[in-house]
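Asks: Dropping in upload_15.txt, which is compact mmCIF, C-alpha atoms:
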# COMPACT_ATOMS: atom_id res chain seq x y z
CA MET D 181 31.27 -153.26 132.01
CA TYR D 182 29.80 -150.01 130.74
CA SER D 183 27.04 -151.77 128.79
CA PHE D 184 25.83 -154.45 131.20
CA SER D 185 23.07 -152.31 132.70
CA PHE D 186 21.40 -152.18 129.26
CA TYR D 187 20.86 -155.93 129.48
CA VAL D 188 19.02 -155.69 132.82
CA ASN D 189 15.55 -154.78 131.56
CA PRO D 190 15.61 -157.08 128.47
CA LEU D 191 16.61 -160.03 130.67
CA HIS D 192 13.93 -159.20 133.20
CA GLU D 193 11.28 -158.91 130.50
CA GLU D 194 12.21 -162.22 128.85
CA PHE D 195 12.83 -164.36 131.94
CA ALA D 196 11.17 -162.46 134.84
CA TRP D 197 14.33 -162.90 136.89
CA SER D 198 14.74 -160.75 140.00
CA ARG D 199 16.91 -157.64 139.89
CA ALA D 200 19.34 -159.20 142.37
CA GLY D 201 19.52 -162.41 140.30
CA ILE D 202 20.37 -160.45 137.17
CA MET D 203 22.93 -158.29 138.96
CA ALA D 204 24.60 -161.49 140.20
CA ILE D 205 25.75 -162.02 136.60
CA ILE D 206 28.07 -159.02 136.74
CA THR D 207 29.06 -160.10 140.25
CA ILE D 208 30.29 -163.44 138.89
CA VAL D 209 32.23 -161.62 136.18
CA TYR D 210 33.95 -159.46 138.81
CA LEU D 211 34.67 -162.47 141.03
CA SER D 212 36.12 -164.39 138.10
CA ILE D 213 38.35 -161.44 137.18
CA GLY D 214 39.54 -161.22 140.77
CA VAL D 215 40.21 -164.93 141.26
CA ALA D 216 42.01 -165.18 137.93
CA SER D 217 44.15 -162.05 138.40
CA PRO D 218 46.96 -163.51 140.59
CA LEU D 219 47.24 -166.47 138.20
CA ILE D 220 47.35 -164.11 135.23
CA GLY D 221 50.15 -162.22 136.96
CA ARG D 222 52.21 -165.42 137.15
CA LEU D 223 51.36 -166.53 133.61
CA ASN D 224 52.64 -163.21 132.32
CA SER D 225 56.08 -164.08 133.71
CA TYR D 226 56.11 -167.51 132.07
CA TYR D 227 54.48 -166.92 128.68
CA GLY D 228 54.64 -163.17 128.11
CA GLU D 229 51.83 -160.64 128.22
CA LYS D 230 51.02 -160.71 124.52
CA ASN D 231 50.33 -164.46 124.52
CA VAL D 232 48.24 -164.23 127.67
CA ILE D 233 46.19 -161.39 126.16
CA ALA D 234 45.66 -163.31 122.90
CA VAL D 235 44.30 -166.36 124.74
CA GLY D 236 42.19 -164.12 126.98
CA ALA D 237 40.58 -162.43 123.97
CA SER D 238 39.56 -165.84 122.62
CA LEU D 239 38.05 -166.84 125.98
CA LEU D 240 36.18 -163.56 126.25
CA GLY D 241 34.80 -163.85 122.72
CA LEU D 242 33.73 -167.45 123.40
CA GLY D 243 31.99 -166.35 126.60
CA PHE D 244 29.88 -163.80 124.72
CA VAL D 245 28.86 -166.36 122.11
CA LEU D 246 27.95 -168.95 124.76
CA ILE D 247 25.85 -166.41 126.66
CA SER D 248 23.79 -165.80 123.52
CA THR D 249 22.49 -169.40 123.86
CA VAL D 250 21.32 -169.38 127.49
CA ARG D 251 17.82 -170.37 128.60
CA GLU D 252 18.36 -170.68 132.36
CA LEU D 253 19.92 -168.33 134.89
CA TRP D 254 22.52 -170.90 135.98
CA GLN D 255 23.79 -171.06 132.40
CA PHE D 256 24.30 -167.32 132.45
CA TYR D 257 26.26 -167.66 135.68
CA LEU D 258 28.42 -170.44 134.23
CA PHE D 259 29.29 -168.63 131.02
CA ALA D 260 29.94 -165.39 132.91
CA ILE D 261 33.07 -167.14 134.23
CA PHE D 262 34.45 -167.14 130.67
CA LEU D 263 33.84 -163.39 130.53
CA GLY D 264 35.64 -162.85 133.82
CA VAL D 265 38.70 -164.99 133.11
CA GLY D 266 38.98 -163.57 129.59
CA SER D 267 38.66 -160.02 130.90
CA ALA D 268 41.39 -160.65 133.49
CA ALA D 269 43.72 -162.01 130.80
CA ILE D 270 43.28 -158.98 128.50
CA GLY D 271 42.92 -156.42 131.26
CA VAL D 272 44.84 -154.22 133.65
CA VAL D 273 47.12 -156.89 135.13
CA PRO D 274 49.10 -157.62 131.92
CA ALA D 275 48.58 -154.14 130.44
CA SER D 276 49.81 -152.22 133.48
CA ALA D 277 52.76 -154.62 133.86
CA VAL D 278 53.91 -153.79 130.33
CA ILE D 279 53.51 -150.06 130.95
CA SER D 280 55.36 -150.25 134.28
CA ASN D 281 58.26 -152.06 132.59
CA TRP D 282 58.49 -149.43 129.85
CA PHE D 283 58.11 -146.32 132.01
CA GLN D 284 59.78 -145.18 135.19
CA LYS D 285 59.97 -141.38 135.33
CA ARG D 286 56.59 -140.78 133.65
CA ARG D 287 54.89 -143.99 134.74
CA GLY D 288 51.76 -142.28 136.06
CA TRP D 289 51.31 -140.35 132.83
CA ALA D 290 51.68 -143.57 130.80
CA ILE D 291 49.24 -145.48 133.03
CA GLY D 292 46.82 -142.58 132.54
CA ILE D 293 47.06 -142.89 128.77
CA LEU D 294 46.53 -146.65 129.07
CA GLY D 295 43.44 -146.00 131.16
CA THR D 296 41.95 -143.70 128.54
CA GLY D 297 41.44 -146.81 126.41
CA ILE D 298 38.90 -148.01 128.96
CA GLY D 299 37.29 -144.60 128.87
CA VAL D 300 37.14 -144.52 125.07
CA GLY D 301 35.42 -147.90 125.11
CA GLY D 302 33.05 -146.68 127.80
CA PHE D 303 32.27 -143.61 125.71
CA ALA D 304 31.80 -145.35 122.36
CA VAL D 305 30.16 -148.67 123.22
CA PRO D 306 27.12 -147.86 125.43
CA PRO D 307 25.23 -145.83 122.78
CA ILE D 308 25.93 -148.53 120.21
CA VAL D 309 24.81 -151.35 122.50
CA GLY D 310 22.03 -149.61 124.42
CA ALA D 311 20.48 -147.44 121.72
CA PHE D 312 21.18 -149.48 118.57
CA LEU D 313 22.31 -153.10 118.84
CA ILE D 314 19.96 -154.40 121.56
CA PRO D 315 16.84 -152.56 120.29
CA THR D 316 17.62 -153.59 116.68
CA PHE D 317 19.01 -157.11 116.96
CA GLY D 318 18.09 -158.20 120.49
CA TRP D 319 20.40 -158.95 123.37
CA ARG D 320 21.38 -162.43 122.09
CA ASN D 321 22.66 -161.25 118.71
CA THR D 322 24.36 -158.34 120.45
CA CYS D 323 26.34 -160.85 122.50
CA ILE D 324 27.42 -162.68 119.34
CA ILE D 325 28.54 -159.43 117.71
CA SER D 326 30.47 -158.46 120.85
CA GLY D 327 32.18 -161.85 120.99
CA LEU D 328 33.28 -161.81 117.36
CA LEU D 329 34.60 -158.27 117.53
CA THR D 330 36.51 -159.03 120.73
CA ALA D 331 38.33 -162.03 119.28
CA LEU D 332 38.95 -160.56 115.84
CA ILE D 333 40.32 -157.22 117.05
CA ILE D 334 42.23 -157.92 120.26
CA THR D 335 43.98 -161.18 119.34
CA PRO D 336 45.94 -159.94 116.30
CA LEU D 337 46.71 -156.60 117.94
CA SER D 338 48.23 -158.28 120.99
CA LEU D 339 50.37 -160.67 118.97
CA LEU D 340 51.62 -158.06 116.49
CA VAL D 341 52.12 -155.00 118.67
CA ILE D 342 53.00 -155.81 122.28
CA LYS D 343 56.59 -155.94 123.51
CA SER D 344 56.70 -156.78 127.22
CA LYS D 345 59.93 -154.93 128.05
CA PRO D 346 62.02 -152.23 126.37
CA ALA D 347 64.97 -154.63 126.51
CA ASP D 348 63.14 -156.71 123.88
CA MET D 349 63.89 -153.86 121.47
CA GLY D 350 67.31 -152.93 122.85
CA LEU D 351 65.93 -149.95 124.77
CA GLN D 352 65.85 -148.68 128.35
CA PRO D 353 62.76 -147.62 130.36
CA ASP D 354 61.65 -144.00 130.18
CA GLY D 355 63.74 -141.95 132.60
CA VAL D 356 66.67 -144.36 132.71
CA GLU D 357 67.43 -143.72 129.06
CA ALA D 358 67.16 -139.99 129.52
CA ILE D 359 69.57 -140.02 132.44
CA GLN D 360 72.10 -142.15 130.60
CA LYS D 361 72.07 -139.84 127.57
CA ASN D 362 72.51 -136.64 129.55
CA ASP D 363 76.29 -136.28 129.77
CA GLU D 364 76.07 -132.92 131.50
CA THR D 365 74.26 -134.24 134.59
CA PRO D 366 76.21 -136.88 136.52
CA LEU D 367 73.22 -138.63 138.06
CA THR D 368 72.75 -142.32 138.81
CA PRO D 369 69.39 -143.93 137.90
CA MET D 370 67.00 -144.12 140.80
CA ARG D 371 66.62 -147.56 142.30
CA GLU D 372 63.10 -148.68 143.13
CA VAL D 373 62.21 -150.77 146.16
CA ASP D 374 61.56 -154.40 145.22
CA LEU D 375 59.53 -156.62 147.53
CA ASN D 376 58.24 -160.10 146.87
CA LEU D 377 54.67 -161.08 147.73
CA LYS D 378 55.46 -162.40 151.21
CA MET D 379 57.30 -159.22 152.12
CA ALA D 380 54.48 -157.04 150.78
CA LEU D 381 51.89 -158.94 152.80
CA ARG D 382 53.76 -158.08 155.99
CA THR D 383 53.58 -154.32 155.41
CA PRO D 384 50.81 -152.19 157.00
CA ILE D 385 50.40 -150.18 153.79
CA PHE D 386 49.29 -153.29 151.86
CA TRP D 387 46.36 -153.89 154.19
CA SER D 388 45.43 -150.22 154.41
CA LEU D 389 45.28 -150.15 150.62
CA MET D 390 43.14 -153.30 150.65
CA ILE D 391 40.58 -151.82 153.05
CA ALA D 392 40.35 -148.58 151.09
CA LEU D 393 40.00 -150.36 147.75
CA ALA D 394 37.44 -152.85 149.05
CA ALA D 395 35.15 -150.17 150.47
CA PHE D 396 35.55 -147.88 147.46
CA THR D 397 34.78 -150.54 144.87
CA VAL D 398 31.68 -151.89 146.64
CA ALA D 399 30.29 -148.36 146.79
CA ASN D 400 31.29 -147.59 143.22
CA ASN D 401 29.87 -150.71 141.59
CA ALA D 402 26.65 -150.64 143.60
CA ILE D 403 25.78 -147.26 142.09
CA PHE D 404 27.36 -147.54 138.65
CA GLN D 405 25.62 -150.76 137.63
CA SER D 406 22.28 -149.52 139.02
CA GLN D 407 22.17 -146.02 137.56
CA VAL D 408 20.45 -146.95 134.26
CA PRO D 409 17.46 -148.73 135.86
CA TYR D 410 17.33 -146.00 138.51
CA LEU D 411 17.25 -143.19 135.95
CA GLN D 412 14.68 -145.05 133.86
CA GLY D 413 12.62 -145.48 137.03
CA VAL D 414 12.48 -141.72 137.64
CA GLY D 415 11.37 -141.07 134.07
CA PHE D 416 14.43 -140.72 131.86
CA PRO D 417 14.13 -142.35 128.39
CA LEU D 418 16.49 -145.07 127.14
CA VAL D 419 18.38 -142.68 124.86
CA ALA D 420 19.13 -140.37 127.78
CA THR D 421 20.44 -143.21 129.95
CA ALA D 422 22.62 -144.44 127.07
CA SER D 423 24.05 -140.93 126.87
CA VAL D 424 24.79 -141.02 130.60
CA MET D 425 26.78 -144.22 130.25
CA SER D 426 28.62 -142.82 127.26
CA LEU D 427 29.49 -139.57 129.03
CA SER D 428 30.57 -141.56 132.08
CA GLY D 429 32.95 -143.44 129.83
CA PHE D 430 34.27 -140.18 128.41
CA GLY D 431 34.73 -138.81 131.92
CA SER D 432 36.44 -142.02 133.01
CA GLY D 433 38.95 -141.75 130.20
CA ALA D 434 39.66 -138.12 131.03
CA GLY D 435 39.85 -139.01 134.71
CA LYS D 436 42.37 -141.80 134.16
CA TYR D 437 44.58 -139.49 132.14
CA PHE D 438 44.31 -136.73 134.76
CA PHE D 439 44.88 -139.01 137.73
CA GLY D 440 47.76 -140.72 135.95
CA TRP D 441 49.43 -137.37 135.30
CA LEU D 442 48.73 -136.36 138.89
CA GLY D 443 50.39 -139.54 140.14
CA ASP D 444 53.75 -138.33 138.86
CA HIS D 445 53.48 -135.30 141.15
CA VAL D 446 51.71 -136.47 144.35
CA GLN D 447 51.53 -139.57 146.50
CA ALA D 448 49.21 -142.23 145.11
CA LYS D 449 46.83 -142.05 148.07
CA TYR D 450 45.73 -138.54 147.13
CA ILE D 451 44.50 -139.88 143.79
CA LEU D 452 41.94 -142.00 145.66
CA VAL D 453 41.04 -139.15 148.02
CA ILE D 454 40.09 -136.89 145.10
CA GLY D 455 38.23 -139.75 143.41
CA ILE D 456 36.17 -140.42 146.54
CA VAL D 457 35.19 -136.76 146.91
CA ALA D 458 34.15 -136.57 143.25
CA GLN D 459 32.15 -139.79 143.47
CA VAL D 460 30.26 -138.70 146.58
CA THR D 461 29.38 -135.48 144.74
CA ALA D 462 28.04 -137.50 141.79
CA ILE D 463 25.98 -139.80 144.04
CA THR D 464 24.41 -136.79 145.75
CA MET D 465 23.41 -135.43 142.34
CA LEU D 466 21.96 -138.80 141.31
CA MET D 467 19.83 -139.03 144.45
CA THR D 468 18.13 -135.75 143.60
CA MET D 469 17.79 -136.36 139.86
CA LYS D 470 14.36 -135.77 138.28
CA SER D 471 13.37 -136.12 134.64
CA SER D 472 12.09 -132.55 134.70
CA MET D 473 15.56 -131.16 135.43
CA PRO D 474 17.58 -129.43 132.69
CA VAL D 475 19.61 -131.89 130.66
CA ILE D 476 22.81 -130.08 131.61
CA ILE D 477 22.42 -131.44 135.17
CA LEU D 478 22.39 -134.99 133.82
CA ILE D 479 25.45 -134.27 131.68
CA VAL D 480 27.41 -132.78 134.58
CA TYR D 481 26.49 -135.72 136.78
CA ALA D 482 27.64 -138.26 134.18
CA ILE D 483 30.98 -136.54 133.64
CA ILE D 484 31.70 -136.15 137.38
CA LEU D 485 30.85 -139.81 137.98
CA GLY D 486 33.07 -140.87 135.09
CA VAL D 487 36.00 -138.74 136.25
CA SER D 488 35.68 -140.16 139.76
CA MET D 489 35.79 -143.69 138.36
CA GLY D 490 38.99 -142.85 136.51
CA CYS D 491 41.02 -142.83 139.72
CA TRP D 492 41.20 -146.56 140.42
CA LEU D 493 43.66 -147.75 137.76
CA PRO D 494 46.33 -145.06 138.24
CA PHE D 495 45.93 -145.38 142.00
CA MET D 496 46.27 -149.17 142.10
CA SER D 497 49.13 -149.40 139.61
CA LEU D 498 51.18 -146.59 141.12
CA ALA D 499 50.49 -147.73 144.69
CA VAL D 500 51.86 -151.18 143.83
CA SER D 501 54.87 -150.12 141.75
CA ARG D 502 55.93 -147.24 144.02
CA SER D 503 55.41 -149.17 147.28
CA PHE D 504 56.56 -152.67 146.33
CA GLY D 505 58.54 -152.28 143.08
CA LEU D 506 58.40 -154.33 139.89
CA PHE D 507 60.04 -157.58 141.01
CA SER D 508 56.66 -159.17 141.88
CA TYR D 509 54.44 -156.50 140.35
CA GLY D 510 52.21 -158.91 138.42
CA VAL D 511 51.45 -161.14 141.40
CA ILE D 512 51.00 -158.29 143.92
CA PHE D 513 48.85 -156.27 141.53
CA GLY D 514 46.92 -159.43 140.69
CA LEU D 515 46.26 -160.11 144.37
CA MET D 516 45.20 -156.51 144.90
CA ASN D 517 42.93 -156.83 141.89
CA LEU D 518 41.50 -160.02 143.42
CA ILE D 519 40.44 -158.15 146.55
CA PHE D 520 39.31 -155.16 144.50
CA MET D 521 37.14 -157.26 142.20
CA CYS D 522 35.75 -159.63 144.81
CA PHE D 523 34.50 -156.82 147.00
CA GLY D 524 33.36 -154.89 143.96
CA ALA D 525 31.38 -157.94 142.90
CA ALA D 526 29.19 -157.52 145.95
CA GLY D 527 28.13 -154.00 144.97
CA PRO D 528 25.58 -154.74 142.22
CA VAL D 529 24.02 -157.64 144.16
CA VAL D 530 23.71 -155.59 147.33
CA ALA D 531 22.06 -152.77 145.39
CA GLY D 532 19.76 -155.28 143.70
CA LEU D 533 18.77 -156.84 147.03
CA ILE D 534 18.04 -153.41 148.47
CA TYR D 535 15.88 -152.58 145.46
CA ASP D 536 14.00 -155.90 145.70
CA ALA D 537 13.32 -155.26 149.40
CA TYR D 538 12.31 -151.59 149.23
CA GLN D 539 11.50 -151.06 145.54
CA ASN D 540 13.91 -148.13 145.49
CA TYR D 541 17.64 -147.41 145.75
CA TYR D 542 17.58 -144.98 148.68
CA TRP D 543 19.37 -147.25 151.15
CA ALA D 544 21.85 -148.26 148.45
CA PHE D 545 22.83 -144.59 148.23
CA ILE D 546 23.16 -144.36 152.02
CA LEU D 547 25.33 -147.49 152.10
CA SER D 548 27.51 -145.98 149.41
CA TYR D 549 28.07 -142.87 151.54
CA VAL D 550 29.14 -145.01 154.50
CA LEU D 551 31.53 -147.12 152.44
CA HIS D 552 33.11 -144.07 150.86
CA GLY D 553 33.68 -142.71 154.37
CA ILE D 554 35.46 -145.93 155.37
CA ALA D 555 37.61 -145.80 152.23
CA LEU D 556 38.53 -142.17 152.87
CA LEU D 557 39.52 -142.86 156.47
CA ALA D 558 41.60 -145.91 155.53
CA ILE D 559 43.54 -144.16 152.78
CA LEU D 560 44.19 -141.02 154.83
CA LEU D 561 45.73 -143.15 157.57
CA VAL D 562 48.27 -144.57 155.12
CA ARG D 563 51.82 -143.41 155.71
CA TYR D 564 53.05 -143.77 152.16
CA PRO D 565 56.70 -144.89 152.13
CA LYS D 566 59.46 -143.50 149.96
CA THR D 567 59.70 -145.98 147.10
CA ARG D 568 62.85 -144.67 145.48
CA VAL D 569 66.32 -144.37 146.89
CA ASP D 570 68.98 -142.12 145.40
CA THR D 571 71.96 -144.45 145.07
CA THR D 572 74.33 -141.47 144.99
CA SER D 573 73.59 -140.64 148.63
Could you write out this structure as structure tokens?
Replies:
Amino acid sequence: MYSFSFYVNPLHEEFAWSRAGIMAIITIVYLSIGVASPLIGRLNSYYGEKNVIAVGASLLGLGFVLISTVRELWQFYLFAIFLGVGSAAIGVVPASAVISNWFQKRRGWAIGILGTGIGVGGFAVPPIVGAFLIPTFGWRNTCIISGLLTALIITPLSLLVIKSKPADMGLQPDGVEAIQKNDETPLTPMREVDLNLKMALRTPIFWSLMIALAAFTVANNAIFQSQVPYLQGVGFPLVATASVMSLSGFGSGAGKYFFGWLGDHVQAKYILVIGIVAQVTAITMLMTMKSSMPVIILIVYAIILGVSMGCWLPFMSLAVSRSFGLFSYGVIFGLMNLIFMCFGAAGPVVAGLIYDAYQNYYWAFILSYVLHGIALLAILLVRYPKTRVDTTS
């Protein structure tokens, strides 16, 4: 996700495809992740997260290798489905389910640490892909390398390390164990609300969350996947844009940790509120960016953008677990991820269409402002319910 924009210019130069046509590749990946997410949530219950992740890593690796062979745009679209389904199977649906099972009291903090993995990847990979692999080996060989590394690293790690629930090791979730061991404090473990999918769909908060997420992710992806070609268009060299992506990844990791920690102290909706404000600030900076500006401005922009992007995983996971419980967490989170990804998939294509029509991204920025406003309004209208009940009362 952090490296796709480095493929845009090489693909355009080799095939002369339109910007919107190229951006549709990442759109298909997002759509595939979204469509597969509810199914992945159910498969986790039947086969266990570690097995689902292992199969997903193989699919993702295969998708990269297949993409290295394409000659036509439709082939790219077809093989992008492998990337999407594989990404869904190794991604936040199974990973956050495992974390939510293991942690109760410090769940936000743990989700934040989980999210830093995405940030570390976003920090480390873009310079390697954008400044070294593609210029040195070409985009096709870079895909092969990515596919092999994906399969060879993720598959054995998932099978050897992951335990879906603490009960698998004779343990209790964080918080429950601590309460049970504290003989001096006669407290009863807090019981979390548990709703199934049908019950969740009948709650106003579910749909308010959907509207906020949909608007936020369209705005976010429209700008994020377009920033490299935009910055190159205003005169920044490739190395500088690779650094932006890397710093965005670093900021995203820091943001996920911060927002995860924050989620243990405030309602989940305020995580998204802060993320929206930070992202609007970053977009305003990007609109005014010139290659003649001091490099510190570019660095600050990249970090703010990354931090703002770090809000989505803690927000989504905590909103689901605190509002609806863990009984149907995988399916509800998967459905939320479906909406999140499907609307997010429109962002890069919309930005590409705007660029093709006007030869600039000005109206893409304006659209992003409007969508962030809709997201902010929707999330502020949420009346977040109490998701824990003290059984002693």
Asks: Which residue out of D:Ile206, D:Ala420, D:Gly302, D:Leu377 has the minimum interatomic distance to Ala526 of chain D when only C-alpha atoms are used?
Replies: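 Closest candidate: D:Ile206.
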Asks: Would you please work out which residue, of D:Leu442, D:Leu493, D:Ile202, D:Leu340, is nearest to Ile298 of chain D when using all atoms listed in the file?
Replies: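 When distances to Ile298 of chain D are compared using all atoms listed in the file, the smallest one comes from D:Leu493.
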Asks: Tell me, in Å to one decimal, how far atom CA of Val446 of chain D is from atom CA of Trp289 of chain D.
Replies: 12.2 Å
Asks: List the spatial neighbours of Ile208 of chain D as a count of residues only - criterion: any atom at most 10 Å away, only C-alpha atoms, same-chain residues fewer than 4 positions off excluded.
Replies: 18
Asks: Segment 276-282 of chain D: which residues within 6 Å, counting only C-alpha atoms, same-chain residues fewer than 6 positions away excluded, as an NGL selection string?
Replies: :D and (344-346 or 353)
Asks: Can you pull out every residue within 9 Å of segment 545-554 of chain D, counting only C-alpha atoms, but drop anything in the same chain fewer than 4 positions away, and send it as JSON, numbers by chain?
Replies: {"D": [391, 392, 394, 395, 396, 397, 398, 399, 400, 402, 403, 456, 457, 459, 460, 463, 464, 467, 531, 541, 558, 559]}
Asks: Around (26.6, -152.8, 138.6) in the file's frame, which residues reach within 8 Å when counting all atoms listed in the file? Return as a list in words?
Replies: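 Within 8 Å of (26.6, -152.8, 138.6), the protein and nucleic acid residues are Phe184, Ser185, Met203, Ile206, Thr207, Asn401, Ala402, Ile403, Phe404, Gln405, Ser406, Gly527, Pro528 and Val529 of chain D.
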Asks: Mind rebuilding segment 245-264 of chain D with N, CA and C atoms and writing that out as an mmCIF file, in the frame of the given file?
Replies:
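Output below, filename out-v2.cif:
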data_model
loop_
_atom_site.group_PDB
_atom_site.id
_atom_site.type_symbol
_atom_site.label_atom_id
_atom_site.label_comp_id
_atom_site.auth_asym_id
_atom_site.auth_seq_id
_atom_site.Cartn_x
_atom_site.Cartn_y
_atom_site.Cartn_z
ATOM 1 N N VAL D 245 29.625 -165.496 123.005
ATOM 2 C CA VAL D 245 28.860 -166.360 122.110
ATOM 3 C C VAL D 245 28.057 -167.391 122.903
ATOM 4 N N LEU D 246 28.659 -167.971 123.938
ATOM 5 C CA LEU D 246 27.950 -168.950 124.760
ATOM 6 C C LEU D 246 26.763 -168.305 125.481
ATOM 7 N N ILE D 247 26.938 -167.083 125.951
ATOM 8 C CA ILE D 247 25.850 -166.410 126.660
ATOM 9 C C ILE D 247 24.648 -166.174 125.741
ATOM 10 N N SER D 248 24.907 -166.020 124.460
ATOM 11 C CA SER D 248 23.790 -165.800 123.520
ATOM 12 C C SER D 248 22.868 -167.010 123.424
ATOM 13 N N THR D 249 23.287 -168.164 123.971
ATOM 14 C CA THR D 249 22.490 -169.400 123.860
ATOM 15 C C THR D 249 21.713 -169.728 125.127
ATOM 16 N N VAL D 250 21.846 -168.959 126.186
ATOM 17 C CA VAL D 250 21.320 -169.380 127.490
ATOM 18 C C VAL D 250 19.787 -169.374 127.527
ATOM 19 N N ARG D 251 19.256 -170.293 128.342
ATOM 20 C CA ARG D 251 17.820 -170.370 128.600
ATOM 21 C C ARG D 251 17.505 -170.350 130.093
ATOM 22 N N GLU D 252 18.528 -170.636 130.911
ATOM 23 C CA GLU D 252 18.360 -170.680 132.360
ATOM 24 C C GLU D 252 19.382 -169.754 133.012
ATOM 25 N N LEU D 253 19.045 -169.271 134.203
ATOM 26 C CA LEU D 253 19.920 -168.330 134.890
ATOM 27 C C LEU D 253 21.262 -168.971 135.240
ATOM 28 N N TRP D 254 21.267 -170.256 135.614
ATOM 29 C CA TRP D 254 22.520 -170.900 135.980
ATOM 30 C C TRP D 254 23.478 -170.972 134.793
ATOM 31 N N GLN D 255 22.938 -171.076 133.579
ATOM 32 C CA GLN D 255 23.790 -171.060 132.400
ATOM 33 C C GLN D 255 24.477 -169.710 132.237
ATOM 34 N N PHE D 256 23.719 -168.660 132.508
ATOM 35 C CA PHE D 256 24.300 -167.320 132.450
ATOM 36 C C PHE D 256 25.446 -167.198 133.452
ATOM 37 N N TYR D 257 25.214 -167.715 134.652
ATOM 38 C CA TYR D 257 26.260 -167.660 135.680
ATOM 39 C C TYR D 257 27.500 -168.441 135.240
ATOM 40 N N LEU D 258 27.307 -169.605 134.660
ATOM 41 C CA LEU D 258 28.420 -170.440 134.230
ATOM 42 C C LEU D 258 29.246 -169.751 133.149
ATOM 43 N N PHE D 259 28.570 -169.234 132.138
ATOM 44 C CA PHE D 259 29.290 -168.630 131.020
ATOM 45 C C PHE D 259 29.890 -167.278 131.389
ATOM 46 N N ALA D 260 29.357 -166.655 132.443
ATOM 47 C CA ALA D 260 29.940 -165.390 132.910
ATOM 48 C C ALA D 260 31.372 -165.600 133.395
ATOM 49 N N ILE D 261 31.702 -166.843 133.804
ATOM 50 C CA ILE D 261 33.070 -167.140 134.230
ATOM 51 C C ILE D 261 34.034 -166.955 133.063
ATOM 52 N N PHE D 262 33.609 -167.348 131.855
ATOM 53 C CA PHE D 262 34.450 -167.140 130.670
ATOM 54 C C PHE D 262 34.714 -165.644 130.470
ATOM 55 N N LEU D 263 33.666 -164.831 130.670
ATOM 56 C CA LEU D 263 33.840 -163.390 130.530
ATOM 57 C C LEU D 263 34.847 -162.856 131.534
ATOM 58 N N GLY D 264 34.756 -163.342 132.776
ATOM 59 C CA GLY D 264 35.640 -162.850 133.820
ATOM 60 C C GLY D 264 37.093 -163.243 133.597
#
